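Reviewing the structure listed below.
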Amino acid sequence: MSDARPVPLRAAPARPLRGLYGRLTIRQKQIAWAWAFLAVPVLFYTIIRFYPTGNAILISFQDWNLLGERTWTGLENYRVMFADPVFWKVFVNTFEYLIIGTPVSLVVSFFIAYHLDKARFAHGFLRMLYFLPFMTSAVAMAWVWRWFYQPVPIGLFNNFLAQFGIPQIAFLNSTTNALPAILAPAIWAGLGFQIIIFMAGLRAIPTNYYEAARIDGVGNWTILTQITIPLLRPTIVFIVVFSSIGFLRIFDHVFNMTHNNPGGPLNSTKPLVLMIYETAFTNFNMGYAAAQTVVLFVILLIVSLIQLRLLRSD
Amino acid sequence: MTRRPLAAMLAGSAMALTANAGTAQVEIEYWQYFFDARVTAMEQLIEGFEAENEGITVTMTTFPYADYRTKVAAAIPAGEGPDVVQLFYGWLNDYIEADLIQPLPTDAFPPEEIDETFFPMVQAMKRDGAYYALPTAVRSLALFYNERLLEEAGVEPPTNLDEMIEVAKATTETDNAGNVTQVGITTGMTAQDHHWFREVLVRQFGGEPYLDDYRTVNWDSEAGLAALEFYAGLEKDHGVTASGFMDEPQAAFKAGRAAMHIDGSFRIGSLADIRGLNWGVTELPAGPDGTEANYSSYWVNAITTKAEGERYDAAVRFMEFVTSDEAMQTWLDVVGELPAKPSVGMTEENAGDDVYGPFIRGLENARTTEFVNESAQRQVLVDMVARTDIEGQPLAESLAQAAEEEQAIIDAYYAE
């Protein structure tokens with residue numbers, strides 16, 4: 001038995017490791033394995049999402065032109081931003097996109113979904129027609145609409161007006177018309193998605209409510225306001241959250257429709273995301289752009305929190 | 001089409017002689033942004049350079065324009081990337097400040113000699129007595145005209161601003177409702193007109209657009225107001241143009257709906273391919289007192305701080321090669337960009353060329369605006385015209401506001 005002694009000694013270095021795992025309970029082992037698998041998405045999110053977010057917040061306190069050293073400037077970027085009239089103009093524009101875009105798209109998509117739901121003839125085809133713009137590239141769509149809006153002789157709408165001797169409308173070359181003109185195709189593009197969600201919501205309402213209402217002899221309007229809309233509440237909240245975030249982040253339609261004078265004329269159509277893009281990649285003022293990003297982040301956070309609160313009170 | 005070696009030119013450089021003595025293989029890297037014709041031209045130049053300089057190989061890397069600056073900025077400090085790099089003239093200050101490029105050696109590139117042999121606007125590349133970068137080719141402005149429309153109206157291409165208005169009046173067409181359906185001349189500050197305004201119109205009306213090496217805005221003056229009145233008057237008084245007509249000025253000209261169009265030499269290539277469009281080029285119209293002026297911009301090559309030792313020597317020789325007369329001729333032939341030296345540009349053949357001639361002749365009076373942020377400074381002029389056009393702000397007021405805005409951009413840049 002004397003030569004049995006060296007064996008545990010030799011095995012000793014490996015033992016604590018194996019022992020550590022061996023000593024775990026089954027539940028602890030499950031947790032260890034769960035974390036081993038979770039580590040992949042956790043790492044992914046840390047590196048791809050949280051690190052850049054943190055870095056952006058850091059850059060917002062610095063001065064950096066992409067080429068040289070980053071220098072610490074404290075709150076200077078924020079001071080410049082809050083004193084910049086263009087920033088406030090852009091801030092208002094961003095909310096105009098939200099405040100006009102969300103209700104209009106909500107009402108229009110509900111109206112279409114409500115009637116489409118009742119249509120039996122060519123139902124699938126009609127639904128496809130409404131969904132098609134959602135699948136179209138926003139860039140291509142923006143350019144086509146940009147041409148629609150041109151003055152005579154190439155603009156579709158103005159050519160039409162001119163044929164009847166009606167004065168031309170300055171759609172894009174106007175500080176008042178340009179924002180709604182750009183918003184219209186953006187709403188139209190998002191409609192298909194909202195209609196599909198609404199229709200799914202409508203189908204999910206049990207038919208026996210409607211049957212009961214019919215037996216009681218209730219009119220269409222009462223059914224709509226007392227049964228359909230209240231029961232659609234989760235769907236409506238979802239669409240409001242979803243489209244609000246979309247309109248707050250509007251970029252491609254504006255950028256492509258005002259390509260030669262981005263966000264113009266006179267900044268009347270510039271949303272926050274476009275301002276961030278310009279500050280960062282044409283002015284190379286990364287610190288200032290990061291400060292604007294932080295503001296956008298805070299706005300989106302607040303809007304989402306309010307809407308989540310609304311969802312929860314269901 | 002083979003180019004003769006440039007032995008004579010290179011022999012003048014002591015640097016070249018020492019590098020010739022060694023036979024070791026040196027590899028240097030050249031970066032530019034991707035533009036088809038430029039890549040082809042540079043490939044030809046590299047081939048010629050390598051044939052002449054045994055032992056040196058040049059590798060060219062190209063990037064899409066959008067990524068270019070970021071890549072350069074990340075690579076050079078890390079000791080990677082190019083030994084010779086291409087950059088826009090307006091980025092020079094940023095590149096020097098970020099320590100990305102080094103001055104060209106004064107023995108191989110004597111500043112006095114460059115002052116003399118290059119077109120004068122290249123002097124914008126000089127800092128503290130040394131050149132940091134040099135162009136192979138430059139661009140300038142000229143007046144494109146639609147031959148068919150001018151012929152139909154029975155008018156000749158204009159030589160001064162008054163004639164230009166007359167030609168424009170003769171070629172403008174409107175429908176019954178008074179909508180312009182064909183413009184006499186295109187306008188749009190978003191295109192090249194902001195250069196035309198700054199460096200050409202302001203000077204032609206007797207002003208000096210900037211003072212103190214472009215650090216003080218000086219076009220908020222009588223001359224500036226006269227220039228703006230002339231420019232805005234094209235649409236407001238004479239009705240020979242419409243802002244935003246057919247979306248983009250060059251689109252209107254390409255479609256044959258504009259009789260005249262001011263644009264840069266880089267437009268030649270895309271106009272050459274339009275079927276059924278007969279166009280000609282003439283020099284920019286002279287001012288009321290006959291003053292001629294022009295604007296020139298260019299891309300330059302520079303040696304980066306990464307290049308050291310024998311790579312530095314090779315980079316110097318490569319720079320000498322790409323700024324030689326022969327390289328400029330190749331660039332004109334392949335890319336259609338104008339030579340940066342009068343010795344190449346002002347040859348009878350080049351300066352007398354129907355297409356390139358007006359641009360090349362314009363270079364003699366050309367100036368280069370030292371922008372601190374070209375797109376922001378352009379936006380100032382875009383907004384200046386938009387305020388008067390859309391919001392009805394008086395010209396003088398809008399001019400003063402714009403000058404103030406541009407001064408603020410310049411001050412913010414130099415304050416750092």
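FYI, nothing fancy with the structure tokens labels: chains A, B, ... in order, residues from 1 per chain, ligands from 1 as they appear.
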Contact set, chain B to chain A: 6 Å, only C-alpha atoms, as a ChimeraX atom specification: /B:73,98,181,190,383
Taking N, CA and C atoms for each residue, export the selection above as an mmCIF file, in the first residue's frame.
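What landed in again-v7.cif:
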data_model
loop_
_atom_site.group_PDB
_atom_site.id
_atom_site.type_symbol
_atom_site.label_atom_id
_atom_site.label_comp_id
_atom_site.auth_asym_id
_atom_site.auth_seq_id
_atom_site.Cartn_x
_atom_site.Cartn_y
_atom_site.Cartn_z
ATOM 1 N N ALA B 73 -8.051 58.030 -40.698
ATOM 2 C CA ALA B 73 -7.823 58.484 -39.328
ATOM 3 C C ALA B 73 -7.481 57.330 -38.401
ATOM 4 N N ALA B 98 -3.954 66.770 -36.893
ATOM 5 C CA ALA B 98 -4.045 65.418 -36.337
ATOM 6 C C ALA B 98 -2.741 64.647 -36.540
ATOM 7 N N THR B 181 -41.066 76.579 -68.230
ATOM 8 C CA THR B 181 -40.914 75.190 -68.675
ATOM 9 C C THR B 181 -39.525 74.937 -69.245
ATOM 10 N N THR B 190 -27.202 75.022 -53.995
ATOM 11 C CA THR B 190 -26.802 73.695 -53.538
ATOM 12 C C THR B 190 -25.787 73.073 -54.498
ATOM 13 N N ASP B 383 -29.232 78.915 -47.432
ATOM 14 C CA ASP B 383 -30.251 79.506 -46.570
ATOM 15 C C ASP B 383 -30.430 80.996 -46.856
#
Taking only segment 279-392 of chain B into account, list the residues labelled helix (DSSP H, G or I) by DSSP (computed from the backbone), as a PyMOL selection string. chain B and resi 309-322+325-334+342-345+348-351+357-365+374-390
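For the set B:Met384, B:Val72, B:Ala41, B:Leu149, the residue with the smallest atom-to-atom gap to Met328 of chain B is B:Ala41, counting only C-alpha atoms.
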In Å, rounded to a single decimal, give me how far atom CA of Ala290 of chain A is from atom CA of Gly54 of chain A.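 Answer for the atom CA of Gly54 of chain A to atom CA of Ala290 of chain A separation: 10.6 Å.
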Would you compute the distance between atom CA of Gly244 of chain B and atom CA of Ala140 of chain A? Give it in Å to one decimal.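 Atom-to-atom, atom CA of Gly244 of chain B and atom CA of Ala140 of chain A are spaced 20.1 Å apart.
Counting only C-alpha atoms, the residue from B:Thr159, B:Asn373, B:Ser221, B:Thr282 that sits nearest to Ala400 of chain B is B:Ser221.
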List as a count of residues only the protein and nucleic acid residues near segment 360-366 of chain B, meaning an atom at most 12 Å away when only C-alpha atoms are counted, but skip any in the same chain fewer than 5 places from it. 57
To one decimal in Å, tell me the separation between atom CA of Leu271 of chain B and atom CA of Lys254 of chain B. 6.9 Å
